[in-house]
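Here's the structure we're looking at; comments come further down.
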Amino acid sequence: LPPSPARRPRDLSRGGKAQRAAGRGRRRQRRGGDIAALALGMLRVLQRGLARGAGLPALRVARLSTVESQTVRITFVDHDGNRATVPGLVGMSLLEVAQMHKIEIEGPCDGGGAPSQVVRTPDWIEETYGEGPECFICHVQIPSQFSGLLPYETALERNGLAYVWGDEHTTSSRLACMIELTKAMDGMTVYVPASPPVDVF
């Protein structure tokens with residue numbers, strides 16, 4: 001067997017201790033920031049539930065859930081190949097997760113109003129008469145291996161993406177504001193294209 005590599009001697013000087021203490025502080029600060037962001041996301045999900053008419057039993061179930069059981073980790077990849085894996089919460093939209101972690105996805109309308117349609121099955125589209133998305137800017141592309149996890153795409157979403165993004169619109173294109181996270185999406189990869197053409201408006 002090859003000899004094991006020699007261990008690097010630990011720096012016991014005052015400066016070495018200070019560096020190790022500073023490193024531990026930075027790690028605790030990063031963990032604290034993630035927990036605070038997730039807590040804010042949980043609050044948004046609960047507020048959305050109240051706005052949709054969720055009753056007290058639903059809120060009691062939410063309180064019993066741990067943050068980890070509601071955490072969904074998403075990897076965003078930009079057009080230069082840079083990757084960022086960030087946590088979100090079940091019930092948040094992809095756009096909300098991106099905005100919470102400063103991922104560069106533009107969404108001027110913040111998802112617009114209530115959904116205009118809800119595709120329950122490929123053969124049943126429920127008209128809900130909301131405004132729906134309005135700007136179609138928060139374009140993302142989701143690999144086909146995750147397509148079975150996504151909500152059905154409405155004609156409004158598909159046609160709006162095709163109009164704004166032209167040749168960049170593909171079968172993997174979706175609006176980030178229309179994708180609500182579920183626990184099954186944990187580990188999903190999302191590609192973020194460059195900004196849309198400036199002449200579409």
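By order of appearance in the structure tokens: chains A, B, ..., then residues from 1 within every chain, and ligands from 1 in the order shown.
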
Next item on the list: From a DSSP calculation on the backbone, collect every residue of stretch 71-190 of chain A in alpha helix (DSSP H) and output the set as a list in words.
Entry: Leu94, Leu95, Glu96, Val97, Ala98, Gln99, Met100, Ala155, Leu156, Glu157, Arg158, Asn159, Gly160, Leu161, Ala162, Tyr163, Val164 and Trp165 of chain A

Next item on the list: Fewer than 5 positions away in the same chain doesn't count, so skip those; otherwise give me all residues within 10 Å of A:Arg120, counting only C-alpha atoms, as a VMD selection string.
Entry: chain A and resid 125 to 126 151 to 152

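Residue nearest A:Ala176 within the list A:Thr121, A:Ser93, A:Thr66, A:Asn159: A:Ser93 [criterion: smallest interatomic distance, only C-alpha atoms].
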
Determine, using only C-alpha atoms, which residues of stretch 91-193 of chain A have any atom at most 9 Å from an atom of stretch 68-82 of chain A, and tabulate each with its shortest atom pair and distance in Å to one decimal place, rows ordered by chain and then rising number, as a tab-separated table.
residue	atom	partner	partner_atom	distance
A:Gly91	CA	A:Gln70	CA	8.8
A:Leu94	CA	A:Ile74	CA	8.6
A:Val97	CA	A:Ile74	CA	8.6
A:Ala98	CA	A:Phe76	CA	8.3
A:Ile103	CA	A:Phe76	CA	7.8
A:Glu104	CA	A:Asp78	CA	8.3
A:Leu181	CA	A:Val72	CA	7.3
A:Thr182	CA	A:Val72	CA	7.3
A:Lys183	CA	A:Val72	CA	5.8
A:Ala184	CA	A:Val72	CA	8.1
A:Met185	CA	A:Val72	CA	6.6
A:Asp186	CA	A:Val72	CA	4.5
A:Gly187	CA	A:Arg73	CA	5.4
A:Met188	CA	A:Ile74	CA	5.3
A:Thr189	CA	A:Thr75	CA	4.7
A:Val190	CA	A:Phe76	CA	4.9
A:Tyr191	CA	A:Val77	CA	4.8
A:Val192	CA	A:Asp78	CA	4.8
A:Pro193	CA	A:His79	CA	5.3
